[in-house]
$ cat target31.txt   # compact mmCIF, C-alpha atoms
# COMPACT_ATOMS: atom_id res chain seq x y z
CA MET D 514 11.06 63.17 -12.16
CA PRO D 515 13.15 60.02 -11.51
CA TRP D 516 11.66 57.24 -9.40
CA SER D 517 12.79 57.00 -5.80
CA ALA D 518 11.78 54.78 -2.90
CA THR D 519 11.21 57.92 -0.87
CA THR D 520 8.80 59.38 -3.42
CA PRO D 521 5.27 59.66 -1.93
CA GLY D 522 3.16 56.71 -3.12
CA ALA D 523 6.11 54.87 -4.66
CA GLN D 524 5.58 51.77 -2.54
CA GLN D 525 1.80 51.68 -2.79
CA PRO D 526 0.25 48.74 -4.69
CA ASP D 527 -1.66 49.32 -7.90
CA ASN D 528 -5.16 50.68 -7.56
CA THR D 529 -6.89 47.47 -8.66
CA ALA D 530 -9.62 45.40 -7.06
CA PHE D 531 -7.21 42.54 -6.45
CA THR D 532 -4.34 44.46 -4.84
CA GLN D 533 -6.69 46.72 -2.86
CA GLN D 534 -8.75 43.74 -1.65
CA ARG D 535 -11.99 44.94 -3.20
CA LEU D 536 -12.88 41.66 -4.90
CA PRO D 537 -16.47 40.53 -4.26
CA ALA D 538 -16.65 37.95 -1.51
CA TRP D 539 -19.36 35.79 -0.04
CA GLN D 540 -19.58 36.07 3.72
CA PRO D 541 -22.37 33.76 4.86
CA LEU D 542 -24.11 34.39 8.14
CA LEU D 543 -24.97 30.93 9.39
CA SER D 544 -28.24 30.94 11.25
CA ALA D 545 -29.74 28.03 13.18
CA GLY D 546 -32.07 27.33 10.27
CA ILE D 547 -29.02 26.71 8.03
CA ALA D 548 -26.48 25.14 10.41
CA LEU D 549 -28.76 22.57 12.06
CA PRO D 550 -30.01 20.93 8.82
CA LEU D 551 -26.40 20.77 7.59
CA PHE D 552 -25.31 18.85 10.69
CA PHE D 553 -28.25 16.45 10.52
CA CYS D 554 -27.89 15.84 6.76
CA ALA D 555 -24.14 15.29 7.07
CA GLY D 556 -24.71 12.89 9.96
CA VAL D 557 -27.29 10.85 8.06
CA ALA D 558 -25.03 10.72 4.98
CA PHE D 559 -21.99 9.60 6.99
CA ILE D 560 -23.98 6.95 8.87
CA GLY D 561 -25.49 5.60 5.65
CA LEU D 562 -22.10 5.38 3.97
CA GLY D 563 -20.56 3.91 7.13
CA LEU D 564 -23.18 1.16 7.28
CA GLY D 565 -22.54 0.31 3.64
CA LEU D 566 -18.77 0.17 4.18
CA HIS D 567 -19.10 -1.83 7.39
CA TYR D 568 -21.39 -4.52 5.99
CA SER D 569 -19.42 -4.71 2.76
CA SER D 570 -16.17 -5.24 4.69
CA HIS D 571 -17.81 -7.65 7.12
CA GLY D 572 -19.05 -9.80 4.25
CA LEU D 573 -15.55 -10.38 2.85
CA ARG D 574 -13.79 -13.60 3.76
CA GLU D 575 -10.15 -13.56 4.75
CA LEU D 576 -7.63 -16.23 5.67
CA ALA D 577 -4.33 -15.19 7.19
CA HIS D 578 -1.33 -17.09 8.52
CA ASP D 579 1.70 -15.77 10.40
CA TYR D 580 4.68 -17.73 9.12
CA THR D 581 7.40 -15.78 10.93
CA GLY D 582 8.24 -19.00 12.77
CA ASP D 583 7.97 -17.92 16.40
CA ALA D 584 8.26 -20.70 18.98
CA GLY D 585 4.89 -22.36 19.55
CA ALA D 586 3.32 -20.94 16.39
CA ALA D 587 1.34 -23.13 14.01
CA GLY D 588 3.14 -24.51 10.99
CA ASN D 589 6.68 -25.72 10.43
CA CYS D 590 8.34 -22.39 9.62
CA SER D 591 10.03 -22.24 13.04
CA LEU D 592 12.90 -24.34 11.70
CA CYS D 593 13.52 -21.80 8.96
CA ALA D 594 13.32 -18.94 11.47
CA ALA D 595 15.87 -20.63 13.72
CA ALA D 596 18.21 -21.14 10.77
CA GLU D 597 17.83 -17.48 9.82
CA GLN D 598 19.10 -16.02 13.11
CA ASP D 599 22.81 -16.65 12.53
CA ARG D 600 22.87 -16.13 8.78
CA ALA D 601 22.65 -12.94 6.75
CA PRO D 602 21.19 -13.49 4.27
CA PRO D 603 19.62 -16.76 5.52
CA ARG D 604 20.12 -20.01 3.65
CA ARG D 605 17.32 -21.26 1.44
CA CYS D 606 14.54 -22.91 3.44
CA TRP D 607 11.04 -24.22 2.76
CA CYS D 608 7.96 -24.57 4.93
CA SER D 609 4.22 -24.94 4.36
CA TRP D 610 0.81 -23.94 5.65
CA HIS D 611 -2.05 -26.43 5.52
CA PHE D 612 -5.68 -25.31 5.69
CA SER D 613 -9.09 -26.58 4.64
CA LEU D 614 -12.17 -24.92 3.19
CA ALA D 615 -15.57 -26.37 4.13
CA GLU D 616 -17.24 -24.23 1.45
CA ARG D 617 -16.26 -22.25 -1.60
CA PHE D 618 -14.11 -19.18 -1.01
CA PRO D 619 -15.77 -16.65 -3.38
CA GLY D 620 -13.59 -14.99 -5.96
CA PRO D 621 -11.81 -13.10 -7.14
CA VAL D 622 -9.18 -14.18 -4.60
CA TYR D 623 -6.09 -12.09 -3.94
CA LEU D 624 -2.90 -13.32 -2.30
CA TYR D 625 -1.03 -10.72 -0.23
CA TYR D 626 2.08 -10.78 1.92
CA GLU D 627 2.08 -8.63 5.04
CA LEU D 628 5.05 -7.24 6.98
CA SER D 629 4.89 -5.61 10.40
CA ASN D 630 7.34 -3.33 12.22
CA PHE D 631 8.90 -2.44 8.86
CA TYR D 632 9.15 1.34 8.49
CA GLN D 633 9.19 2.01 4.77
CA ASN D 634 8.16 5.58 5.65
CA ASN D 635 11.56 6.29 7.22
CA ARG D 636 12.90 9.43 5.54
CA ARG D 637 16.38 8.11 4.79
CA TYR D 638 14.92 4.86 3.50
CA GLY D 639 12.22 6.55 1.42
CA VAL D 640 14.65 8.75 -0.54
CA SER D 641 17.22 5.98 -1.08
CA ARG D 642 16.40 5.43 -4.75
CA ASP D 643 17.17 6.92 -8.16
CA ASP D 644 14.01 7.57 -10.18
CA ALA D 645 16.05 8.57 -13.21
CA GLN D 646 17.79 5.20 -13.15
CA LEU D 647 14.47 3.38 -12.70
CA SER D 648 13.09 5.20 -15.73
CA GLY D 649 15.78 3.55 -17.86
CA LEU D 650 18.09 6.49 -18.56
CA PRO D 651 21.51 5.06 -19.59
CA ARG D 652 23.47 7.86 -17.92
CA ALA D 653 21.68 7.35 -14.58
CA LEU D 654 22.35 3.63 -14.89
CA ARG D 655 26.10 4.31 -14.85
CA HIS D 656 25.99 7.21 -12.38
CA PRO D 657 23.50 6.51 -9.57
CA ALA D 658 22.22 9.37 -7.44
CA ASN D 659 23.99 10.16 -4.18
CA GLU D 660 20.78 9.43 -2.27
CA CYS D 661 21.39 5.73 -2.95
CA ALA D 662 24.47 5.61 -0.69
CA PRO D 663 25.67 3.26 0.76
CA PHE D 664 24.00 1.13 -1.95
CA GLN D 665 25.29 3.37 -4.75
CA TYR D 666 28.39 1.48 -5.91
CA GLY D 667 29.29 -2.15 -5.43
CA ALA D 668 32.46 -4.20 -5.52
CA GLY D 669 35.11 -2.78 -7.79
CA GLY D 670 33.31 0.55 -8.01
CA ARG D 671 30.60 -0.80 -10.30
CA PRO D 672 27.30 1.10 -10.11
CA VAL D 673 24.48 -0.76 -8.38
CA ALA D 674 21.35 -1.28 -10.47
CA PRO D 675 18.84 -0.77 -9.04
CA CYS D 676 20.51 1.33 -6.39
CA GLY D 677 19.25 2.33 -2.95
CA ALA D 678 18.00 0.77 0.27
CA ILE D 679 14.45 0.19 -1.02
CA ALA D 680 15.60 -1.99 -3.89
CA ASN D 681 18.20 -3.77 -1.74
CA SER D 682 15.48 -4.83 0.75
CA LEU D 683 13.23 -6.35 -1.95
CA PHE D 684 10.85 -8.95 -0.53
CA ASN D 685 11.96 -12.32 -1.91
CA ASP D 686 9.80 -14.98 -0.24
CA SER D 687 7.82 -17.00 -2.79
CA PHE D 688 4.58 -18.97 -2.57
CA SER D 689 2.84 -21.77 -4.44
CA LEU D 690 -0.69 -22.98 -3.69
CA TRP D 691 -1.85 -26.59 -4.04
CA HIS D 692 -5.37 -28.03 -3.80
CA ARG D 693 -6.66 -31.51 -2.94
CA ARG D 694 -10.34 -32.05 -3.64
CA ARG D 695 -10.86 -35.26 -1.64
CA ALA D 696 -9.01 -37.11 1.08
CA GLY D 697 -6.25 -39.32 -0.25
CA GLY D 698 -6.32 -37.64 -3.65
CA PRO D 699 -3.42 -35.88 -5.32
CA TYR D 700 -2.61 -32.19 -4.87
CA VAL D 701 -3.18 -30.01 -7.92
CA ARG D 702 -1.35 -26.74 -8.37
CA VAL D 703 -3.51 -23.60 -8.23
CA PRO D 704 -2.36 -21.09 -10.88
CA LEU D 705 -1.19 -17.79 -9.38
CA ASP D 706 -1.40 -14.88 -11.80
CA ARG D 707 1.39 -12.39 -11.06
CA THR D 708 0.70 -10.11 -14.03
CA GLY D 709 -0.97 -6.74 -13.62
CA ILE D 710 -0.42 -6.55 -9.85
CA ALA D 711 1.29 -3.14 -9.97
CA TRP D 712 -0.30 0.25 -10.61
CA TRP D 713 -0.63 0.85 -14.35
CA THR D 714 1.12 4.22 -14.14
CA ASP D 715 4.04 2.66 -12.26
CA ALA D 716 4.50 -0.27 -14.61
CA HIS D 717 4.03 1.69 -17.85
CA VAL D 718 5.16 5.23 -17.06
CA LYS D 719 7.50 5.52 -14.08
CA PHE D 720 9.53 2.33 -14.57
CA ARG D 721 11.38 1.56 -17.77
CA ASN D 722 14.24 -0.70 -18.75
CA PRO D 723 17.29 0.80 -20.46
CA PRO D 724 17.39 0.29 -24.23
CA PRO D 725 18.56 -3.28 -25.07
CA VAL D 726 22.01 -3.67 -26.60
CA ASN D 727 21.89 -5.91 -29.68
CA GLY D 728 18.49 -7.08 -28.50
CA SER D 729 19.84 -8.19 -25.12
CA LEU D 730 18.75 -6.64 -21.81
CA ALA D 731 21.68 -8.33 -20.04
CA LEU D 732 24.12 -6.41 -22.24
CA ALA D 733 22.33 -3.16 -21.35
CA PHE D 734 23.11 -3.85 -17.67
CA ARG D 735 26.70 -4.95 -18.35
CA GLY D 736 29.12 -3.19 -16.02
CA THR D 737 26.60 -2.83 -13.20
CA ALA D 738 26.32 -4.78 -9.96
CA PRO D 739 23.16 -6.15 -8.30
CA PRO D 740 22.22 -4.86 -4.84
CA PRO D 741 24.31 -6.55 -2.10
CA ASP D 742 21.45 -8.71 -0.76
CA TRP D 743 20.23 -9.88 -4.17
CA PRO D 744 21.20 -13.40 -5.31
CA ARG D 745 20.81 -12.51 -8.99
CA PRO D 746 20.92 -9.39 -11.20
CA VAL D 747 17.80 -7.41 -11.97
CA TYR D 748 17.50 -8.66 -15.55
CA GLU D 749 17.03 -12.22 -14.20
CA LEU D 750 14.06 -11.45 -11.94
CA SER D 751 11.74 -13.34 -14.28
CA ALA D 752 11.99 -15.67 -17.25
CA ASP D 753 9.35 -13.58 -19.01
CA PRO D 754 11.20 -10.97 -21.13
CA ASP D 755 8.27 -8.55 -20.68
CA ASP D 756 8.36 -8.92 -16.88
CA THR D 757 12.01 -8.62 -15.97
CA GLY D 758 14.39 -5.81 -15.13
CA PHE D 759 13.00 -2.57 -13.78
CA VAL D 760 9.49 -3.40 -15.08
CA ASN D 761 9.16 -6.62 -13.09
CA GLN D 762 5.72 -6.44 -11.48
CA ALA D 763 6.81 -7.72 -8.05
CA PHE D 764 9.70 -5.24 -8.01
CA VAL D 765 7.45 -2.34 -9.00
CA VAL D 766 4.97 -3.25 -6.25
CA TRP D 767 7.76 -3.25 -3.65
CA MET D 768 9.16 0.10 -4.78
CA ARG D 769 5.86 1.86 -3.97
CA THR D 770 6.63 2.42 -0.29
CA ALA D 771 3.98 2.05 2.41
CA ALA D 772 2.92 4.81 4.79
CA LEU D 773 2.52 2.63 7.90
CA PRO D 774 4.85 0.11 9.59
CA THR D 775 2.34 -2.72 9.04
CA PHE D 776 1.42 -3.08 5.39
CA ARG D 777 0.27 -5.53 2.76
CA LYS D 778 1.46 -5.83 -0.80
CA LEU D 779 -0.20 -7.80 -3.56
CA TYR D 780 1.65 -10.99 -4.51
CA ALA D 781 -0.72 -12.63 -7.00
CA ARG D 782 -4.32 -13.07 -8.08
CA ILE D 783 -6.19 -16.35 -8.42
CA ARG D 784 -8.38 -16.00 -11.51
CA GLN D 785 -7.42 -18.70 -13.98
CA GLY D 786 -8.73 -22.13 -14.89
CA ASN D 787 -11.12 -23.84 -12.49
CA TYR D 788 -10.36 -21.22 -9.85
CA SER D 789 -11.62 -18.13 -11.68
CA ALA D 790 -14.83 -18.11 -9.58
CA GLY D 791 -13.00 -18.70 -6.29
CA LEU D 792 -11.38 -21.50 -4.32
CA PRO D 793 -13.46 -24.72 -4.18
CA ARG D 794 -13.80 -26.54 -0.92
CA GLY D 795 -11.15 -29.07 -0.01
CA ALA D 796 -7.69 -29.23 1.53
CA TYR D 797 -4.99 -26.76 0.55
CA ARG D 798 -1.24 -26.49 1.04
CA LEU D 799 0.69 -23.25 0.63
CA ASN D 800 4.36 -23.92 0.02
CA ILE D 801 6.59 -21.09 1.24
CA THR D 802 10.16 -20.39 0.21
CA TYR D 803 11.46 -18.75 3.39
CA ASN D 804 14.11 -16.19 2.40
CA TYR D 805 13.22 -12.81 3.87
CA PRO D 806 14.70 -12.08 7.35
CA VAL D 807 12.46 -10.17 9.74
CA ARG D 808 13.38 -11.38 13.22
CA ALA D 809 16.42 -9.09 13.38
CA PHE D 810 14.14 -6.03 13.63
CA GLY D 811 11.29 -7.70 15.54
CA GLY D 812 9.06 -7.96 12.50
CA HIS D 813 6.46 -10.50 11.46
CA LYS D 814 5.47 -12.02 8.13
CA ARG D 815 1.95 -13.05 7.19
CA VAL D 816 0.34 -14.41 4.08
CA VAL D 817 -3.26 -13.38 3.43
CA LEU D 818 -5.94 -14.78 1.14
CA THR D 819 -8.83 -12.37 0.71
CA GLY D 820 -11.44 -11.04 -1.67
CA ILE D 821 -12.46 -7.51 -2.60
CA SER D 822 -15.69 -5.57 -2.93
CA TRP D 823 -16.75 -2.20 -4.36
CA MET D 824 -14.89 -0.48 -1.49
CA GLY D 825 -11.68 -2.49 -1.85
CA GLY D 826 -10.27 -5.05 0.55
CA LYS D 827 -11.39 -5.95 4.05
CA ASN D 828 -11.07 -2.81 6.16
CA PRO D 829 -13.44 -2.54 9.15
CA PHE D 830 -11.83 0.71 10.35
CA LEU D 831 -13.18 2.79 7.46
CA GLY D 832 -16.83 1.89 8.13
CA ILE D 833 -16.43 2.44 11.88
CA ALA D 834 -14.81 5.83 11.27
CA TYR D 835 -17.73 6.99 9.10
CA LEU D 836 -20.24 5.76 11.70
CA VAL D 837 -18.44 7.62 14.50
CA VAL D 838 -18.23 10.87 12.51
CA GLY D 839 -21.90 10.62 11.49
CA SER D 840 -22.98 9.99 15.08
CA LEU D 841 -20.94 12.96 16.29
CA CYS D 842 -22.56 15.20 13.65
CA ILE D 843 -26.07 14.20 14.74
CA LEU D 844 -25.19 14.52 18.44
CA THR D 845 -23.72 17.97 17.82
CA GLY D 846 -26.86 18.92 15.91
CA PHE D 847 -29.11 17.92 18.81
CA VAL D 848 -26.92 19.80 21.32
CA MET D 849 -27.04 22.93 19.15
CA LEU D 850 -30.82 22.52 18.75
CA VAL D 851 -31.35 22.35 22.54
CA VAL D 852 -29.11 25.39 23.08
CA TYR D 853 -30.91 27.31 20.34
CA ILE D 854 -34.39 26.56 21.71
CA ARG D 855 -33.37 27.44 25.26
CA TYR D 856 -31.72 30.74 24.47
CA GLN D 857 -34.33 31.70 21.90
CA ASP D 858 -37.01 31.54 24.61
CA GLN D 859 -34.79 33.60 26.91
CA ASP D 860 -34.27 36.24 24.21
CA ASP D 861 -38.02 36.41 23.60
CA GLU D 862 -38.64 36.98 27.33
CA ASP D 863 -36.01 39.76 27.41
CA GLU D 864 -37.68 41.46 24.43
CA ASP D 865 -41.11 41.27 26.12
CA GLU D 866 -39.73 42.87 29.29
CA GLU D 867 -38.27 45.74 27.26

$ encode --input "target31.txt" --output "structure tokens"
Amino acid sequence: MPWSATTPGAQQPDNTAFTQQRLPAWQPLLSAGIALPLFFCAGVAFIGLGLGLHYSSHGLRELAHDYTGDAGAAGNCSLCAAAEQDRAPPRRCWCSWHFSLAERFPGPVYLYYELSNFYQNNRRYGVSRDDAQLSGLPRALRHPANECAPFQYGAGGRPVAPCGAIANSLFNDSFSLWHRRRAGGPYVRVPLDRTGIAWWTDAHVKFRNPPPVNGSLALAFRGTAPPPDWPRPVYELSADPDDTGFVNQAFVVWMRTAALPTFRKLYARIRQGNYSAGLPRGAYRLNITYNYPVRAFGGHKRVVLTGISWMGGKNPFLGIAYLVVGSLCILTGFVMLVVYIRYQDQDDEDEDEE
């Protein structure tokens, strides 16, 4: 008999435990003796972890300076900010931040830059990149993805490398730190280590340079154009041949977009020479090359010196969140305990009357 959709049983599923929903299942019946200890144990665990996170974060030192250059702000970056307003991109400008340490700043010390009101999580911005091009594929280098538009092709129809809005908006302020041990003494440069600041998987797996031509990376990028707001091509990002092109650490850090409009990105680590154990006391000067425009979109720029602990950088919110959740669990447990005791006595009285 030929099969037909109208044949009785033709559309029935197979007679198996999976299709007939006969698989064994655990259906717990939560009693007060099980639920209440769970709430109290979870509350104690969250509070304990929250206290550890809170005190660990509270013990970290942090120095931060807003160098946007707003009127009345500390520092001399206001002149650079004023020069930026009528220029796109702004002309090269330098400013500095002076600070003193009365005691040693414990290491390891990390130098971050922070941007605010910058929405890297914007959908159009977040997809404006070509991962195939960033992985070093020669064909993608010559034919950027359409998602990169309007930063897909440059003057004369040359493909932009790297293409897209994320690469075009690369953060290009630079910093150098100087230390003076005693008053009237000379300033000594503090070495800033900019190697290994990106995620290992990003720097060694996701990002690759195209194969060199005759041993030259510049020849591999011949025929391409740099992003419109870049002063130099991508293969000149660094003098170190192992840290230039698409594998440049600072570039890789920038290309990992942030989820919130206020974010920090690692610029360098201080872990070499006499500063491997931290920053000694004394006077310091941070020289800033002011290039990156933020006033047009109401943003702010900050530089942050901080340490880390077992839970990462300074983040008081995480500890507070665990403490709040733990307190709510214990409070809920007490409320459920009172309700249970009250209605258990009422049920016992009803049973005695019957």

$ atom_distance --input "target31.txt" --atom1 "CA of Ala662 (chain D)" --atom2 "CA of Asn634 (chain D)"
17.5 Å

$ atom_distance --input "target31.txt" --atom1 "CA of Val837 (chain D)" --atom2 "CA of Phe553 (chain D)"
13.8 Å

$ residues_around --input "target31.txt" --residues "region 761-769 of chain D" --least-positions-apart "5" --cutoff "8 Å" --atoms "only C-alpha atoms" --output "list in words"
Ile679, Ala680, Leu683, Phe684, Arg707, Thr708, Gly709, Ile710, Ala711, Trp712, Asp715, Ala716, Phe720, Leu750, Ser751, Asp755, Asp756, Lys778, Leu779 and Tyr780 of chain D

$ residues_near_point --input "target31.txt" --point "(12.8, 8.3, 3.0)" --cutoff "12 Å" --atoms "all atoms listed in the file" --output "NGL selection string"
:D and (632-642 or 660-661 or 677-679 or 768-772)

$ write_last_selection --input "target31.txt" --atoms "C-alpha atoms" --output "compact mmCIF listing (two decimals), in the coordinates of the input"
# COMPACT_ATOMS: atom_id res chain seq x y z
CA TYR D 632 9.15 1.34 8.49
CA GLN D 633 9.19 2.01 4.77
CA ASN D 634 8.16 5.58 5.65
CA ASN D 635 11.56 6.29 7.22
CA ARG D 636 12.90 9.43 5.54
CA ARG D 637 16.38 8.11 4.79
CA TYR D 638 14.92 4.86 3.50
CA GLY D 639 12.22 6.55 1.42
CA VAL D 640 14.65 8.75 -0.54
CA SER D 641 17.22 5.98 -1.08
CA ARG D 642 16.40 5.43 -4.75
CA GLU D 660 20.78 9.43 -2.27
CA CYS D 661 21.39 5.73 -2.95
CA GLY D 677 19.25 2.33 -2.95
CA ALA D 678 18.00 0.77 0.27
CA ILE D 679 14.45 0.19 -1.02
CA MET D 768 9.16 0.10 -4.78
CA ARG D 769 5.86 1.86 -3.97
CA THR D 770 6.63 2.42 -0.29
CA ALA D 771 3.98 2.05 2.41
CA ALA D 772 2.92 4.81 4.79

$ atom_distance --input "target31.txt" --atom1 "CA of Arg693 (chain D)" --atom2 "CA of Gly572 (chain D)"
26.0 Å

$ closest_residue --input "target31.txt" --among "D:Leu573, D:Gln533, D:Asn685, D:Gly563" --to "Lys827 (chain D)" --atoms "all atoms listed in the file"
D:Leu573

$ closest_residue --input "target31.txt" --among "D:Thr532, D:Asn630, D:Asn800, D:Ser648" --to "Arg702 (chain D)" --atoms "all atoms listed in the file"
D:Asn800

$ closest_residue --input "target31.txt" --among "D:Gly826, D:Val622, D:Phe734, D:Thr714" --to "Ala790 (chain D)" --atoms "all atoms listed in the file"
D:Val622
